[in-house]
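Enquirer: Handing over entry-v5.cif, mmCIF, C-alpha atoms.
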```
data_upload
#
loop_
_atom_site.label_atom_id
_atom_site.label_comp_id
_atom_site.auth_asym_id
_atom_site.auth_seq_id
_atom_site.Cartn_x
_atom_site.Cartn_y
_atom_site.Cartn_z
CA MET K 2 87.51 155.86 72.04
CA PRO K 3 87.70 152.16 71.10
CA TYR K 4 84.24 150.75 70.56
CA GLU K 5 84.88 147.94 73.09
CA LEU K 6 85.38 150.56 75.82
CA LEU K 7 82.38 152.59 74.61
CA ILE K 8 80.02 149.60 74.68
CA GLY K 9 81.39 148.31 78.00
CA LEU K 10 80.78 151.69 79.67
CA ARG K 11 77.32 151.93 78.07
CA TYR K 12 76.35 148.48 79.34
CA THR K 13 77.41 149.52 82.84
CA ARG K 14 75.26 152.68 82.78
CA ALA K 15 72.27 151.35 80.86
CA LYS K 16 69.05 150.30 82.56
CA ARG K 17 68.59 146.57 82.17
CA ARG K 18 65.37 144.82 81.29
CA ASN K 19 66.15 142.36 84.07
CA HIS K 20 66.35 144.41 87.29
CA PHE K 21 67.67 141.39 89.18
CA ILE K 22 70.97 141.72 87.29
CA SER K 23 71.29 145.33 88.43
CA PHE K 24 70.59 144.26 92.01
CA ILE K 25 73.30 141.57 91.88
CA SER K 26 75.73 144.12 90.42
CA LEU K 27 75.08 146.47 93.34
CA ILE K 28 75.51 143.61 95.82
CA SER K 29 78.83 142.66 94.18
CA MET K 30 79.98 146.28 94.29
CA ALA K 31 78.97 146.65 97.96
CA GLY K 32 80.61 143.34 98.88
CA ILE K 33 83.92 144.35 97.35
CA GLY K 34 83.72 147.74 99.06
CA LEU K 35 82.96 146.27 102.50
CA GLY K 36 85.66 143.62 102.17
CA VAL K 37 88.31 146.15 101.15
CA ALA K 38 87.28 148.59 103.90
CA ALA K 39 87.33 145.84 106.54
CA LEU K 40 90.76 144.67 105.39
CA ILE K 41 92.23 148.19 105.54
CA VAL K 42 90.76 148.89 109.00
CA VAL K 43 91.88 145.56 110.49
CA LEU K 44 95.41 145.92 109.14
CA SER K 45 95.57 149.48 110.51
CA VAL K 46 94.42 148.31 113.94
CA MET K 47 96.99 145.49 113.91
CA ASN K 48 99.66 148.05 112.98
CA GLY K 49 98.45 150.20 115.87
CA PHE K 50 98.71 147.32 118.33
CA GLN K 51 102.20 146.52 117.05
CA LYS K 52 103.29 150.14 117.45
CA GLU K 53 101.74 150.40 120.93
CA LEU K 54 103.41 147.17 122.02
CA ARG K 55 106.75 148.30 120.62
CA THR K 56 106.46 151.71 122.33
CA ARG K 57 105.68 150.17 125.70
CA ILE K 58 108.41 147.55 125.51
CA LEU K 59 111.06 150.00 124.34
CA GLY K 60 110.02 152.41 127.08
CA VAL K 61 111.67 149.92 129.44
CA ALA K 62 113.99 147.84 127.27
CA SER K 63 116.86 149.21 125.22
CA HIS K 64 117.42 149.19 121.47
CA ILE K 65 120.74 147.35 121.86
CA GLN K 66 122.28 145.77 124.94
CA ILE K 67 125.93 144.90 125.56
CA THR K 68 126.41 142.33 128.32
CA GLY K 69 129.41 140.55 129.76
CA VAL K 70 130.09 136.93 128.84
CA ASN K 71 129.88 135.83 132.49
CA GLY K 72 127.26 138.41 133.47
CA GLU K 73 129.82 141.04 134.51
CA LEU K 74 131.40 143.80 132.44
CA ALA K 75 134.48 145.72 133.56
CA ASP K 76 135.40 149.27 132.52
CA TRP K 77 131.93 150.11 131.22
CA GLN K 78 132.97 153.73 130.57
CA SER K 79 135.43 152.57 127.91
CA ILE K 80 132.88 150.26 126.29
CA ALA K 81 130.26 153.03 126.26
CA ALA K 82 132.76 155.39 124.64
CA GLN K 83 133.60 152.78 121.99
CA ALA K 84 129.89 152.23 121.23
CA LYS K 85 129.27 155.97 120.86
CA GLN K 86 131.88 156.10 118.10
CA HIS K 87 129.23 154.55 115.87
CA PRO K 88 127.48 157.47 114.14
CA GLU K 89 123.98 156.05 114.75
CA VAL K 90 124.31 155.43 118.52
CA ARG K 91 122.52 158.24 120.34
CA ALA K 92 122.94 157.42 124.06
CA THR K 93 124.44 154.84 126.43
CA ALA K 94 123.70 153.87 130.04
CA PRO K 95 125.22 151.20 132.32
CA PHE K 96 123.09 148.85 134.41
CA VAL K 97 123.37 146.13 137.02
CA GLN K 98 120.74 143.42 136.81
CA SER K 99 120.07 140.43 139.05
CA GLN K 100 117.34 138.50 140.82
CA GLY K 101 116.03 139.46 144.23
CA MET K 102 113.19 138.85 146.63
CA PHE K 103 111.20 141.52 148.47
CA SER K 104 109.69 140.84 151.87
CA VAL K 105 107.05 142.97 153.61
CA ASP K 106 105.18 141.81 156.72
CA GLY K 107 105.60 138.17 155.83
CA ASP K 108 104.65 138.62 152.15
CA VAL K 109 107.45 137.59 149.81
CA LYS K 110 107.69 138.37 146.09
CA GLY K 111 110.45 137.50 143.63
CA THR K 112 111.52 140.20 141.21
CA LEU K 113 114.14 141.40 138.77
CA VAL K 114 116.30 144.14 140.30
CA ARG K 115 117.93 146.62 137.95
CA GLY K 116 120.51 149.12 139.12
CA ILE K 117 120.55 152.29 137.03
CA VAL K 118 122.02 155.78 136.92
CA PRO K 119 118.86 157.95 136.64
CA GLU K 120 120.41 160.79 134.66
CA LEU K 121 121.91 158.36 132.11
CA GLU K 122 118.86 156.07 132.02
CA ASP K 123 116.75 158.92 130.62
CA GLY K 124 118.73 158.66 127.39
CA VAL K 125 117.86 155.00 126.72
CA ALA K 126 114.44 154.47 128.41
CA ASP K 127 111.26 156.36 129.25
CA PHE K 128 110.77 155.43 132.91
CA ARG K 129 110.34 159.06 133.90
CA GLN K 130 107.19 159.38 131.77
CA SER K 131 105.62 156.31 133.40
CA ILE K 132 106.18 157.36 137.02
CA LYS K 133 102.81 157.37 138.82
CA SER K 134 104.06 158.24 142.30
CA GLY K 135 107.34 159.58 143.68
CA SER K 136 110.29 160.44 141.47
CA LEU K 137 113.09 158.69 139.63
CA ASP K 138 115.48 161.40 140.85
CA ALA K 139 114.92 160.15 144.41
CA LEU K 140 117.25 157.24 143.64
CA LYS K 141 120.39 158.51 145.40
CA PRO K 142 123.56 156.44 145.90
CA GLY K 143 123.85 155.18 149.45
CA GLU K 144 120.25 155.98 150.40
CA PHE K 145 118.91 152.60 149.20
CA GLY K 146 115.74 153.82 147.57
CA VAL K 147 113.70 151.67 145.17
CA VAL K 148 111.17 152.39 142.41
CA LEU K 149 108.68 149.54 141.99
CA GLY K 150 106.38 148.47 139.19
CA ALA K 151 102.72 149.22 139.93
CA GLU K 152 101.62 145.56 140.03
CA LEU K 153 104.60 144.63 142.20
CA ALA K 154 103.80 147.44 144.65
CA ARG K 155 100.15 146.39 144.66
CA SER K 156 100.96 142.74 145.42
CA LEU K 157 103.29 143.80 148.27
CA ARG K 158 100.71 146.37 149.46
CA VAL K 159 103.28 149.16 149.72
CA PHE K 160 103.19 152.84 148.78
CA THR K 161 105.73 155.63 148.34
CA GLY K 162 107.62 156.10 151.62
CA ASP K 163 107.11 152.54 152.90
CA LYS K 164 109.97 150.28 153.94
CA LEU K 165 110.62 146.82 152.57
CA THR K 166 113.42 144.25 152.72
CA LEU K 167 115.37 143.04 149.69
CA ILE K 168 116.99 139.61 149.93
CA ALA K 169 119.80 139.04 147.43
CA PRO K 170 120.76 135.50 146.30
CA GLN K 171 124.46 136.34 146.75
CA GLY K 172 125.22 135.29 150.33
CA THR K 173 127.78 136.35 152.92
CA VAL K 174 130.08 133.63 154.25
CA THR K 175 130.00 133.43 158.05
CA PRO K 176 131.18 130.82 160.58
CA ALA K 177 127.58 129.60 160.65
CA GLY K 178 127.52 129.14 156.88
CA VAL K 179 126.36 131.22 153.92
CA VAL K 180 123.81 133.83 154.96
CA PRO K 181 121.71 135.65 152.32
CA ARG K 182 122.42 139.35 151.98
CA VAL K 183 119.52 141.38 153.33
CA ARG K 184 119.02 145.11 152.97
CA SER K 185 116.22 147.48 153.90
CA PHE K 186 114.97 149.75 151.10
CA THR K 187 112.56 152.69 151.00
CA VAL K 188 109.98 152.96 148.21
CA VAL K 189 110.67 156.30 146.52
CA GLY K 190 108.56 155.83 143.40
CA ILE K 191 106.08 153.63 141.53
CA PHE K 192 105.96 153.30 137.72
CA GLU K 193 103.44 151.78 135.34
CA VAL K 194 104.47 151.17 131.74
CA GLY K 195 101.41 149.07 130.82
CA MET K 196 103.32 145.80 130.29
CA TYR K 197 102.51 143.21 132.95
CA GLU K 198 105.95 141.62 132.62
CA TYR K 199 107.61 144.82 133.85
CA ASP K 200 104.90 146.24 136.09
CA SER K 201 104.79 143.03 138.14
CA GLY K 202 108.42 141.97 138.13
CA LEU K 203 110.84 144.89 137.89
CA ALA K 204 112.35 147.09 140.60
CA LEU K 205 114.79 149.96 140.02
CA ILE K 206 117.54 150.96 142.44
CA HIS K 207 120.62 153.11 142.06
CA MET K 208 123.50 151.37 140.31
CA GLN K 209 125.97 151.98 143.15
CA ASP K 210 123.53 150.44 145.64
CA ALA K 211 123.13 147.43 143.33
CA GLN K 212 126.92 147.05 142.99
CA ARG K 213 127.26 147.08 146.77
CA LEU K 214 124.35 144.70 147.35
CA TYR K 215 125.46 142.17 144.75
CA GLN K 216 129.20 142.53 145.56
CA MET K 217 130.19 143.55 142.03
CA GLY K 218 132.71 146.25 142.90
CA ASP K 219 133.10 148.62 139.95
CA MET K 220 131.74 146.13 137.41
CA VAL K 221 128.28 146.26 135.81
CA SER K 222 126.04 143.71 134.08
CA GLY K 223 126.13 145.60 130.79
CA VAL K 224 125.55 148.79 128.83
CA ARG K 225 122.25 149.76 127.19
CA LEU K 226 122.25 151.71 123.91
CA LYS K 227 119.73 153.86 122.09
CA VAL K 228 120.07 154.34 118.33
CA ASP K 229 118.65 156.84 115.85
CA ASP K 230 116.32 154.36 114.12
CA LEU K 231 115.10 151.41 116.18
CA PHE K 232 114.33 149.42 113.00
CA LYS K 233 118.02 149.56 112.09
CA ALA K 234 119.07 148.16 115.47
CA PRO K 235 119.88 144.63 114.13
CA ARG K 236 122.25 146.06 111.52
CA ILE K 237 123.84 148.49 113.99
CA ALA K 238 124.36 145.67 116.50
CA ARG K 239 126.27 143.70 113.87
CA GLU K 240 128.37 146.73 112.97
CA LEU K 241 129.19 147.45 116.63
CA VAL K 242 131.21 144.24 116.80
CA ALA K 243 134.02 146.10 115.02
CA TYR K 244 133.87 148.95 117.58
CA ILE K 245 133.72 147.01 120.86
CA ASN K 246 137.09 145.76 122.15
CA ALA K 247 135.83 143.42 124.89
CA ASP K 248 134.44 139.94 125.44
CA ALA K 249 130.74 140.73 125.37
CA TYR K 250 127.41 139.77 123.84
CA LEU K 251 125.46 142.22 121.69
CA HIS K 252 121.75 141.69 121.13
CA ASP K 253 119.04 144.04 119.91
CA TRP K 254 115.40 144.48 120.89
CA THR K 255 114.11 142.28 118.06
CA LYS K 256 115.85 139.28 119.64
CA SER K 257 115.10 140.18 123.25
CA HIS K 258 111.33 140.35 122.61
CA ALA K 259 111.03 138.34 119.43
CA ASN K 260 108.00 136.34 120.65
CA PHE K 261 105.82 139.43 121.15
CA PHE K 262 106.43 140.86 117.70
CA ARG K 263 106.36 137.48 115.95
CA ALA K 264 102.93 136.79 117.48
CA VAL K 265 101.56 140.16 116.34
CA GLN K 266 103.02 139.68 112.84
CA ILE K 267 101.52 136.19 112.55
CA GLU K 268 98.12 137.51 113.64
CA LYS K 269 98.34 140.32 111.11
CA THR K 270 99.25 137.88 108.33
CA MET K 271 96.41 135.51 109.21
CA MET K 272 93.87 138.35 109.36
CA PHE K 273 95.09 139.55 105.97
CA ILE K 274 94.59 136.07 104.47
CA ILE K 275 91.14 135.60 106.05
CA LEU K 276 89.83 139.00 104.98
CA SER K 277 91.37 138.61 101.52
CA LEU K 278 89.15 135.53 101.13
CA ILE K 279 86.15 137.73 101.96
CA VAL K 280 87.23 140.14 99.21
CA ALA K 281 87.66 137.15 96.89
CA VAL K 282 84.13 135.93 97.60
CA ALA K 283 82.75 139.40 96.91
CA ALA K 284 84.82 139.70 93.73
CA PHE K 285 83.61 136.36 92.40
CA ASN K 286 80.02 137.53 92.77
CA LEU K 287 80.91 139.34 89.58
CA VAL K 288 80.95 135.95 87.85
CA SER K 289 77.22 135.41 88.38
CA THR K 290 76.53 139.06 87.52
CA LEU K 291 78.34 138.86 84.20
CA VAL K 292 76.98 135.41 83.33
CA MET K 293 73.45 136.79 83.64
CA ALA K 294 74.48 139.93 81.73
CA VAL K 295 75.88 137.80 78.89
CA THR K 296 72.64 135.78 78.78
CA ASP K 297 70.63 139.02 78.73
CA LYS K 298 72.74 140.51 75.92
CA GLN K 299 73.04 137.50 73.62
CA ALA K 300 71.13 139.21 70.83
CA ASP K 301 73.37 142.27 71.06
CA ILE K 302 76.46 140.03 70.99
CA ALA K 303 75.16 138.23 67.90
CA ILE K 304 74.51 141.53 66.09
CA LEU K 305 78.01 142.76 66.94
CA ARG K 306 79.48 139.52 65.62
CA THR K 307 77.52 139.80 62.34
CA LEU K 308 78.85 143.36 61.98
CA GLY K 309 82.40 141.99 62.13
CA ALA K 310 83.32 142.20 65.83
CA ARG K 311 86.05 139.73 66.75
CA PRO K 312 85.66 137.31 69.73
CA LEU K 313 88.43 139.16 71.59
CA SER K 314 86.52 142.43 71.17
CA ILE K 315 83.35 140.85 72.62
CA MET K 316 85.43 139.51 75.48
CA ALA K 317 86.93 142.97 76.08
CA VAL K 318 83.44 144.54 76.31
CA PHE K 319 82.44 142.36 79.27
CA VAL K 320 85.86 142.51 80.92
CA ILE K 321 85.51 146.31 80.90
CA GLN K 322 81.99 146.08 82.30
CA GLY K 323 82.99 143.74 85.16
CA ALA K 324 86.23 145.60 85.88
CA LEU K 325 84.33 148.88 86.15
CA VAL K 326 81.92 147.41 88.70
CA GLY K 327 84.88 146.06 90.69
CA PHE K 328 86.75 149.36 90.40
CA ILE K 329 83.81 151.38 91.71
CA GLY K 330 83.38 148.99 94.67
CA LEU K 331 87.13 149.10 95.26
CA GLY K 332 87.17 152.89 95.25
CA LEU K 333 84.30 153.08 97.74
CA GLY K 334 86.00 150.50 99.95
CA VAL K 335 89.36 152.29 99.95
CA ALA K 336 87.74 155.65 100.72
CA GLY K 337 85.62 154.20 103.53
CA GLY K 338 88.43 152.08 104.97
CA VAL K 339 90.95 154.93 105.03
CA ALA K 340 88.42 157.31 106.58
CA LEU K 341 87.51 154.78 109.30
CA ALA K 342 91.12 153.79 109.98
CA LEU K 343 92.08 157.45 110.49
CA ASN K 344 89.14 158.02 112.87
CA VAL K 345 89.04 154.80 114.91
CA ASP K 346 89.77 156.80 118.07
CA VAL K 347 86.55 158.78 117.46
CA VAL K 348 84.26 156.09 116.04
CA VAL K 349 84.94 153.35 118.63
CA PRO K 350 84.24 155.56 121.71
CA ALA K 351 81.03 156.76 120.03
CA ILE K 352 79.89 153.16 119.52
CA GLU K 353 80.85 152.32 123.11
CA ARG K 354 78.74 155.22 124.40
CA LEU K 355 75.86 154.21 122.16
CA LEU K 356 75.92 150.58 123.34
CA GLY K 357 76.82 151.41 126.94
CA THR K 358 79.79 149.03 126.99
CA GLN K 359 83.57 149.08 126.69
CA PHE K 360 85.29 146.79 124.22
CA LEU K 361 88.71 146.89 125.94
CA ALA K 362 88.07 147.24 129.68
CA LYS K 363 90.89 148.89 131.61
CA ASP K 364 90.74 146.28 134.38
CA VAL K 365 91.29 143.48 131.84
CA TYR K 366 93.44 144.92 129.04
CA TYR K 367 96.57 147.03 129.41
CA ILE K 368 95.83 148.64 126.05
CA SER K 369 92.36 150.01 126.78
CA ASP K 370 92.04 152.17 123.64
CA LEU K 371 91.83 150.70 120.16
CA PRO K 372 95.00 151.94 118.41
CA SER K 373 95.27 152.47 114.67
CA GLU K 374 98.15 153.24 112.34
CA LEU K 375 97.39 153.53 108.63
CA LEU K 376 100.23 152.41 106.37
CA TRP K 377 99.79 153.37 102.74
CA SER K 378 101.80 150.33 101.68
CA ASP K 379 98.97 148.18 103.13
CA VAL K 380 96.36 150.26 101.29
CA TRP K 381 98.13 149.85 97.95
CA GLY K 382 98.60 146.13 98.57
CA VAL K 383 94.91 145.62 99.38
CA THR K 384 93.92 147.71 96.35
CA ALA K 385 96.10 145.68 94.00
CA ILE K 386 94.85 142.33 95.32
CA ALA K 387 91.19 143.35 95.15
CA PHE K 388 91.54 144.72 91.62
CA VAL K 389 93.33 141.60 90.38
CA LEU K 390 90.65 139.36 91.92
CA SER K 391 87.91 141.47 90.32
CA LEU K 392 89.66 141.27 86.96
CA LEU K 393 90.08 137.50 87.20
CA ALA K 394 86.39 137.12 88.01
CA THR K 395 85.46 138.70 84.67
CA LEU K 396 87.48 136.32 82.48
CA TYR K 397 85.20 133.26 82.37
CA PRO K 398 81.91 135.12 81.64
CA SER K 399 83.68 137.25 79.03
CA TRP K 400 85.11 134.16 77.39
CA ARG K 401 81.61 132.64 77.32
CA ALA K 402 80.34 135.81 75.64
CA SER K 403 83.01 135.56 72.96
CA ARG K 404 81.87 131.98 72.19
CA VAL K 405 78.24 132.92 71.48
CA ASN K 406 77.06 131.59 68.08
CA PRO K 407 75.26 134.45 66.22
CA ALA K 408 72.93 132.09 64.36
CA GLU K 409 71.79 130.33 67.57
CA ALA K 410 71.38 133.65 69.44
CA LEU K 411 69.22 135.24 66.66
CA ARG K 412 67.10 132.16 65.84
CA TYR K 413 64.22 133.14 68.10
CA GLU K 414 64.60 136.94 67.92
#
```
Can you turn what I pasted into C-alpha cells?
Expert:
Amino acid sequence: MPYELLIGLRYTRAKRRNHFISFISLISMAGIGLGVAALIVVLSVMNGFQKELRTRILGVASHIQITGVNGELADWQSIAAQAKQHPEVRATAPFVQSQGMFSVDGDVKGTLVRGIVPELEDGVADFRQSIKSGSLDALKPGEFGVVLGAELARSLRVFTGDKLTLIAPQGTVTPAGVVPRVRSFTVVGIFEVGMYEYDSGLALIHMQDAQRLYQMGDMVSGVRLKVDDLFKAPRIARELVAYINADAYLHDWTKSHANFFRAVQIEKTMMFIILSLIVAVAAFNLVSTLVMAVTDKQADIAILRTLGARPLSIMAVFVIQGALVGFIGLGLGVAGGVALALNVDVVVPAIERLLGTQFLAKDVYYISDLPSELLWSDVWGVTAIAFVLSLLATLYPSWRASRVNPAEALRYE
C-alpha cells in the first residue's frame, strides 16, 4: 500500500486531540449524505409526477394522430391500413371531433365532442378503465348515447340515464335562415381520467352519430395511432410520412401536450440545480475540516517532509482523507435516498397519519398520492456530481499542507 494512502486512512480513523475537528468532519459527512438523499428523492418524485401525468394524458390522447388538412379525412380505412404497415404501429382508430354545447334545464356548457368506435378506441386509449358509471359499450350507432367527463357531468348536474340536448355549430339552412342543429342525447356513462382538461370538457359519442350530427357523411376528422414505444413516437411519426398517401397532418403526443411535459422537465431541472447547490455547500464544509486538520497536523507534516516526503505526497495524504469523508457521506446518502425513494408510498402515508393531515388533498389535487419513480441514471449522476464536488473541496487545504515549511512548523515543538 502506498504510504500516502496508509497515512490518509490512518488520519481518518485516528482520534484527534482537537475533538472539534472530528465534530466538523461528522457534520460535513452528514451534510453530504442529507443533500444527496434529498436530491435522489426529489428527482424520483419528479419522475413519478412526469410518469403519472404522461399516463393520464395518454389514457385519453393518442401516441400519434393523423388529421385532414381541412379538418376532414376521406377513406380512413385505407389510411389506417397504410399506417399499420409500419412495423411499430400497434393499433389504429378513427375519430370525429368538433365543438358542441350541452343544454340541460337552462344550464349551458361548451365542450369538445369526440365521435369514436368503442371497440377500436380500446386499442389506442384507456377510457374503459376510467369509466365511473355506465359503460362505453352503451355507445350504439343511432341511439345517440353520450359518455361525459366527471366534471362536465357535475357542472350540468346529470347522471347516467338522464337526457340532455347537444347543440352543434353546424347549422341547417331553412327559409327562416340558418338554424343550429339540435339533438337530444342520453347519458350512458361517466368517466374520470384525473385530468381537468378532459374531465371538464370532453364528451364521447358514437362516430356514426357524430358524422350524422356534424354532416360529415363517411368522412372523419382523423385517425389515432398507438405505437409499441411511446418515446419513439416522434421518430415513427416522421417515418409514417413515407407510408401515408394522403394530404394529412401527422403529430405525436410530445407536440400535442408539449407544455405539460416541458413544465415538468423545467421544474425537475431547477430542483436538480437548487439541491446540487445544497450538496455543494455540504461538500465545501470539507474545506474548513481539512484546514483545521492541516493546522493540527503541522508537526507531522514537517516530520514527513524531513524524512523525504515530496509536496505532492503530502497533498495526496489530505486529498485521500477528505475524499474518504466525502465518500462515506455519499454512500450513506445514496443508500438512504434510494431506500426512501423506493418506499415513498409507505413513508408519506405514515407521516400523514402521524401529523393528522394530508399533503395532497383529493378535493384540491388530481394526483392525491405522492408518486415516485427511481431512475438509476439519476442516482449515478447525483453520485458523480457529489463525489467531484467533494474531491474539489479537498484541493485547497491539501495544497496548503504541501506548502508547510518544516523549519517553521518544528520551531516551537
Enquirer: Using the chain letters and numbers from the file, give me the residues hit by the PyMOL selection byres ((chain K and resi 313) around 10), as a VMD selection string.
Expert: chain K and resid 5 310 to 312 314 to 318 399 to 400 402 to 404
Enquirer: From the options K:Leu157, K:Glu89, K:Gly135, K:Gly49, which residue's atoms come nearest to Val345 (chain K), counting all atoms listed in the file?
Expert: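 Checking each candidate against Val345 (chain K), we get K:Gly49 as the closest.
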Enquirer: Would you mind telling me which residue in K:Ser185, K:Gln209, K:Ser289, K:Ser45 lies nearest to Lys141 (chain K) when using only C-alpha atoms?
Expert: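 Going through K:Ser185, K:Gln209, K:Ser289, K:Ser45 one by one, the smallest distance to Lys141 (chain K) is for K:Gln209.
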Enquirer: For Ile237 (chain K), which of K:Leu251, K:Ile352, K:Ile304, K:Val42 is the closest residue, counting only C-alpha atoms?
Expert: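 Of all the options, K:Leu251 lies closest to Ile237 (chain K).
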Enquirer: Choose the residue, out of K:Gln86, K:Gln299, K:Thr395, K:Ser26, that has the smallest atom-to-atom separation from Pro407 (chain K); count all atoms listed in the file.
Expert: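 For Pro407 (chain K), the nearest of the given residues is K:Gln299.
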Enquirer: Do you know which residues the PyMOL selection byres ((chain K and resi 256-258) around 10) returns on this file, as a ChimeraX atom specification?
Expert: /K:55,58-59,62-66,235,252-255,259-263
Enquirer: Output the selection as a CSV table (one decimal), keeping the file's coordinate frame - C-alpha atoms for each residue.
Expert:
```csv
chain,number,residue,atom,x,y,z
K,55,ARG,CA,106.8,148.3,120.6
K,58,ILE,CA,108.4,147.6,125.5
K,59,LEU,CA,111.1,150.0,124.3
K,62,ALA,CA,114.0,147.8,127.3
K,63,SER,CA,116.9,149.2,125.2
K,64,HIS,CA,117.4,149.2,121.5
K,65,ILE,CA,120.7,147.4,121.9
K,66,GLN,CA,122.3,145.8,124.9
K,235,PRO,CA,119.9,144.6,114.1
K,252,HIS,CA,121.8,141.7,121.1
K,253,ASP,CA,119.0,144.0,119.9
K,254,TRP,CA,115.4,144.5,120.9
K,255,THR,CA,114.1,142.3,118.1
K,259,ALA,CA,111.0,138.3,119.4
K,260,ASN,CA,108.0,136.3,120.6
K,261,PHE,CA,105.8,139.4,121.2
K,262,PHE,CA,106.4,140.9,117.7
K,263,ARG,CA,106.4,137.5,116.0
```
Enquirer: Have a look at K:Leu54, K:Val114, K:Leu149, K:Val280 and name the one nearest to Asp163 (chain K); count only C-alpha atoms.
Expert: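 Closest residue, counting only C-alpha atoms: K:Leu149.
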Enquirer: Take the PyMOL selection byres ((chain K and resi 91-96) around 6), apply it to the structure above, and return the hits as a PyMOL selection string.
Expert: chain K and resi 90+97+116-117+121-122+124+221-228
Enquirer: Taking (120.1, 136.9, 147.4) in the file's coordinates, which residues come within 6 Å, counting all atoms listed in the file, written as a list in words?
Expert: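 Checked against the point, the hits come out as Gly101, Ile168, Ala169, Pro170, Gln171, Pro181 and Arg182 of chain K.
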Enquirer: Go ahead and compute the interatomic distance for CA of Thr187 (chain K) and CA of Val147 (chain K), in Å to one decimal.
Expert: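 We find that CA of Thr187 (chain K) and CA of Val147 (chain K) lie 6.0 Å from each other.
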